[in-house]
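What follows is a set of notes on a single structure, which appears directly below.
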Amino acid sequence: MAKKIAIAIHKGGVGKTTTAKNLAAALAQSGRRTLLIDLDEQANATKGLGVNPGDVPVTLNDLFNNPEIEPTAAVLTTGIDGLHLIAAHPNLSRTETGMAVQRSDPNAPDPIEALKGLLSGLEDHYDFIILDTPPSLGYMTINALAAADELLIPVAASAYSADGLARTLEAYERAIAPKGYNPGLRLRGILITRFKRTNASSSVFDTIGEAYSDYLMPQLIVESTGVDEAEQLEQPVVVYDPKNPAAQGYKRVAEILNNG
């Protein structure tokens, strides 16, 4: 049975997709059967593994909109042994709008359970399922929180990150409330990303560390040009340059996730 981990924060530019893609790749490199699911209409995790969403015959969006399609039909192999992908599609934004309409209909199935239902036929085939979400708290992210066993929040060591972190933690609290939609969801931790050796970056790190010390992951991800180079080549940095400091950081986080 797969451990399902949602990577989410209500803020863009924090390295969320980079984190999802590299953790998925690092887990696969360690011998774990891993599935990466891209819930973001921008499809950056999909493109970041060298896949053009326009060329994919069955995407996550198709699974959401056609219950007759078997979820296994959307699973793609990647260039990384042990890592599979379910691709995103730009039309996920329309599907999300439809979920909002569906939620207002008391006779319709609850749309926040849609992803959970899809995963029920897949999780026995994997050790880990990593859920990459949009940089917002809309229905795609809520679907991920409803389906996940754990939540990992990547937070860039830069200005304004604390606001996105606070809103994401509020969403987590709603999920685990006694009458919430996923009381068993566990906060796996807060991962500091894009850390620079500057006073400003250190100040953000210290502020978050003081406020959320119980949840801070014992590893941070440093800012590195190697990450950008890997992105341009549509590769995870753990594959492109395994000795890169950021790659080493992601490998260490993958070890932590692996060890429970």
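Just remember, in the structure tokens the first chain shown is A, the second B, etc., residues are 1-based per chain, and ligands are 1-based in the order shown.
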
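Residues in contact with A:Arg188 at 8 Å, where only C-alpha atoms are counted and same-chain residues fewer than 4 positions away are skipped, are listed as Glu150, Leu151, Leu152 and Tyr215 of chain A.
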
Okay, now the selection with all heavy atoms, as a tab-separated table (two decimals), in the first residue's frame?
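Below is the file out.tsv, written as the result:
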```
chain	number	residue	atom	x	y	z
A	150	GLU	N	-0.04	12.08	4.21
A	150	GLU	CA	0.85	13.07	4.81
A	150	GLU	C	0.89	14.34	3.95
A	150	GLU	O	0.70	14.28	2.73
A	150	GLU	CB	2.27	12.51	4.95
A	150	GLU	CG	2.36	11.32	5.89
A	150	GLU	CD	3.77	10.78	6.05
A	150	GLU	OE1	4.69	11.24	5.32
A	150	GLU	OE2	3.96	9.90	6.92
A	151	LEU	N	1.19	15.44	4.61
A	151	LEU	CA	1.35	16.73	3.95
A	151	LEU	C	2.76	17.25	4.21
A	151	LEU	O	3.20	17.31	5.36
A	151	LEU	CB	0.32	17.74	4.48
A	151	LEU	CG	0.54	19.22	4.12
A	151	LEU	CD1	0.42	19.42	2.61
A	151	LEU	CD2	-0.45	20.10	4.87
A	152	LEU	N	3.45	17.60	3.14
A	152	LEU	CA	4.76	18.25	3.24
A	152	LEU	C	4.63	19.64	2.65
A	152	LEU	O	4.19	19.80	1.50
A	152	LEU	CB	5.81	17.45	2.49
A	152	LEU	CG	7.24	18.02	2.51
A	152	LEU	CD1	7.81	17.99	3.93
A	152	LEU	CD2	8.15	17.25	1.56
A	215	TYR	N	7.60	21.33	13.63
A	215	TYR	CA	7.28	20.78	12.31
A	215	TYR	C	8.40	20.94	11.29
A	215	TYR	O	8.28	20.44	10.17
A	215	TYR	CB	6.01	21.47	11.76
A	215	TYR	CG	4.81	21.31	12.64
A	215	TYR	CD1	4.19	22.43	13.21
A	215	TYR	CD2	4.28	20.06	12.92
A	215	TYR	CE1	3.08	22.29	14.02
A	215	TYR	CE2	3.17	19.91	13.73
A	215	TYR	CZ	2.58	21.03	14.28
A	215	TYR	OH	1.48	20.89	15.10
```

message: For the strand (DSSP E) assignment from backbone DSSP, which residues of stretch 22-135 of chain A qualify? Please present them as a ChimeraX atom specification.
response: /A:34-38,75-77,83-86,128-132

Residues as selected, N, CA, C and O atoms, written as an mmCIF file, in the first residue's frame, can you do that?
```cif
data_model
loop_
_atom_site.group_PDB
_atom_site.id
_atom_site.type_symbol
_atom_site.label_atom_id
_atom_site.label_comp_id
_atom_site.auth_asym_id
_atom_site.auth_seq_id
_atom_site.Cartn_x
_atom_site.Cartn_y
_atom_site.Cartn_z
ATOM 1 N N THR A 34 7.461 4.452 -7.298
ATOM 2 C CA THR A 34 6.938 5.790 -7.019
ATOM 3 C C THR A 34 6.090 6.295 -8.179
ATOM 4 O O THR A 34 6.452 6.148 -9.346
ATOM 5 N N LEU A 35 4.972 6.911 -7.833
ATOM 6 C CA LEU A 35 4.088 7.542 -8.811
ATOM 7 C C LEU A 35 3.982 9.028 -8.476
ATOM 8 O O LEU A 35 3.655 9.385 -7.342
ATOM 9 N N LEU A 36 4.239 9.879 -9.452
ATOM 10 C CA LEU A 36 4.072 11.324 -9.303
ATOM 11 C C LEU A 36 2.804 11.727 -10.036
ATOM 12 O O LEU A 36 2.639 11.425 -11.220
ATOM 13 N N ILE A 37 1.901 12.400 -9.330
ATOM 14 C CA ILE A 37 0.654 12.864 -9.931
ATOM 15 C C ILE A 37 0.667 14.387 -9.961
ATOM 16 O O ILE A 37 0.838 15.037 -8.924
ATOM 17 N N ASP A 38 0.480 14.933 -11.152
ATOM 18 C CA ASP A 38 0.533 16.382 -11.368
ATOM 19 C C ASP A 38 -0.892 16.928 -11.393
ATOM 20 O O ASP A 38 -1.644 16.685 -12.336
ATOM 21 N N VAL A 75 -1.246 6.159 -16.534
ATOM 22 C CA VAL A 75 0.091 6.029 -15.959
ATOM 23 C C VAL A 75 1.144 5.955 -17.067
ATOM 24 O O VAL A 75 1.051 5.122 -17.975
ATOM 25 N N LEU A 76 2.136 6.836 -16.963
ATOM 26 C CA LEU A 76 3.215 6.905 -17.942
ATOM 27 C C LEU A 76 4.527 6.469 -17.307
ATOM 28 O O LEU A 76 4.786 6.766 -16.135
ATOM 29 N N THR A 77 5.364 5.799 -18.076
ATOM 30 C CA THR A 77 6.730 5.564 -17.630
ATOM 31 C C THR A 77 7.538 6.835 -17.865
ATOM 32 O O THR A 77 7.161 7.688 -18.669
ATOM 33 N N LEU A 83 10.039 5.294 -11.569
ATOM 34 C CA LEU A 83 9.197 6.490 -11.426
ATOM 35 C C LEU A 83 8.171 6.542 -12.545
ATOM 36 O O LEU A 83 8.518 6.569 -13.729
ATOM 37 N N HIS A 84 6.899 6.572 -12.173
ATOM 38 C CA HIS A 84 5.802 6.722 -13.115
ATOM 39 C C HIS A 84 5.134 8.080 -12.904
ATOM 40 O O HIS A 84 5.317 8.725 -11.860
ATOM 41 N N LEU A 85 4.344 8.486 -13.890
ATOM 42 C CA LEU A 85 3.735 9.819 -13.879
ATOM 43 C C LEU A 85 2.297 9.737 -14.370
ATOM 44 O O LEU A 85 1.999 9.012 -15.324
ATOM 45 N N ILE A 86 1.412 10.490 -13.719
ATOM 46 C CA ILE A 86 0.114 10.825 -14.292
ATOM 47 C C ILE A 86 0.145 12.312 -14.599
ATOM 48 O O ILE A 86 0.327 13.140 -13.699
ATOM 49 N N PHE A 128 5.248 4.743 -2.886
ATOM 50 C CA PHE A 128 4.959 6.159 -2.634
ATOM 51 C C PHE A 128 4.164 6.746 -3.793
ATOM 52 O O PHE A 128 4.421 6.430 -4.959
ATOM 53 N N ILE A 129 3.203 7.592 -3.458
ATOM 54 C CA ILE A 129 2.517 8.418 -4.450
ATOM 55 C C ILE A 129 2.701 9.870 -4.014
ATOM 56 O O ILE A 129 2.284 10.252 -2.910
ATOM 57 N N ILE A 130 3.350 10.646 -4.862
ATOM 58 C CA ILE A 130 3.619 12.052 -4.573
ATOM 59 C C ILE A 130 2.629 12.909 -5.351
ATOM 60 O O ILE A 130 2.476 12.751 -6.570
ATOM 61 N N LEU A 131 1.946 13.812 -4.665
ATOM 62 C CA LEU A 131 0.913 14.656 -5.264
ATOM 63 C C LEU A 131 1.420 16.087 -5.370
ATOM 64 O O LEU A 131 1.604 16.763 -4.348
ATOM 65 N N ASP A 132 1.665 16.546 -6.594
ATOM 66 C CA ASP A 132 2.079 17.935 -6.803
ATOM 67 C C ASP A 132 0.837 18.773 -7.057
ATOM 68 O O ASP A 132 0.019 18.454 -7.930
#
```

- request: Using DSSP on the backbone coordinates, identify all residues within stretch 27-170 of chain A classified as alpha helix (DSSP H); present the result as a ChimeraX atom specification.
  value: /A:27-29,44-47,60-65,92-103,114-119,139-147,161-170

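Atom CA of A:Gln29 lies 29.1 Å from atom CA of A:Arg197.
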
- request: Compare A:Ile112, A:Ile256, A:Ala166, A:Ala2 by their minimum atom-to-atom distance to A:Met140, counting only C-alpha atoms, and give me the closest one.
  value: A:Ile112

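Here atom CA of A:Lys243 and atom CA of A:Ser203 stand 27.2 Å from one another.
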
message: I'd like the contact shell of stretch 231-233 of chain A - 9 Å cut-off, only C-alpha atoms, skipping same-chain residues fewer than 2 positions apart - returned as a ChimeraX atom specification.
response: /A:18,48-50,226-229,235-237,240

Can you write just those residues out, C-alpha atoms, as an mmCIF file, in the first residue's frame?
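For reference, out_23.cif as written:
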```cif
data_model
loop_
_atom_site.group_PDB
_atom_site.id
_atom_site.type_symbol
_atom_site.label_atom_id
_atom_site.label_comp_id
_atom_site.auth_asym_id
_atom_site.auth_seq_id
_atom_site.Cartn_x
_atom_site.Cartn_y
_atom_site.Cartn_z
ATOM 1 C CA THR A 18 10.793 21.186 -7.919
ATOM 2 C CA GLY A 48 9.844 18.788 -15.953
ATOM 3 C CA LEU A 49 10.043 15.067 -16.644
ATOM 4 C CA GLY A 50 10.245 15.651 -20.385
ATOM 5 C CA GLY A 226 22.151 23.532 -10.821
ATOM 6 C CA VAL A 227 18.424 23.334 -10.119
ATOM 7 C CA ASP A 228 17.718 25.898 -12.856
ATOM 8 C CA GLU A 229 20.002 24.081 -15.274
ATOM 9 C CA GLN A 235 15.274 16.755 -15.489
ATOM 10 C CA PRO A 236 15.213 16.542 -11.694
ATOM 11 C CA VAL A 237 18.450 17.881 -10.252
ATOM 12 C CA TYR A 240 21.131 15.877 -13.638
#
```

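In this structure, atom CA of A:His10 sits 6.9 Å away from atom CA of A:Leu165.
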
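Of the listed residues (A:Ala108, A:Ile80, A:Ala246, A:Leu118), A:Leu118 comes nearest to A:Glu68; the distances count only C-alpha atoms.
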
task: Pick out the residues sitting within 9 Å of A:Val253, and hand them over as a ChimeraX atom specification; count only C-alpha atoms, and ignore anything fewer than 4 positions along from it in its own chain.
output: /A:23,26,191,217-220,248-249,257-258

Residue contacts of A:Ala87 (9 Å, only C-alpha atoms) excluding same-chain residues fewer than 4 positions away, as number ranges by chain: A: 36-39, 43, 45-47, 51-53, 56, 58-61, 74-76
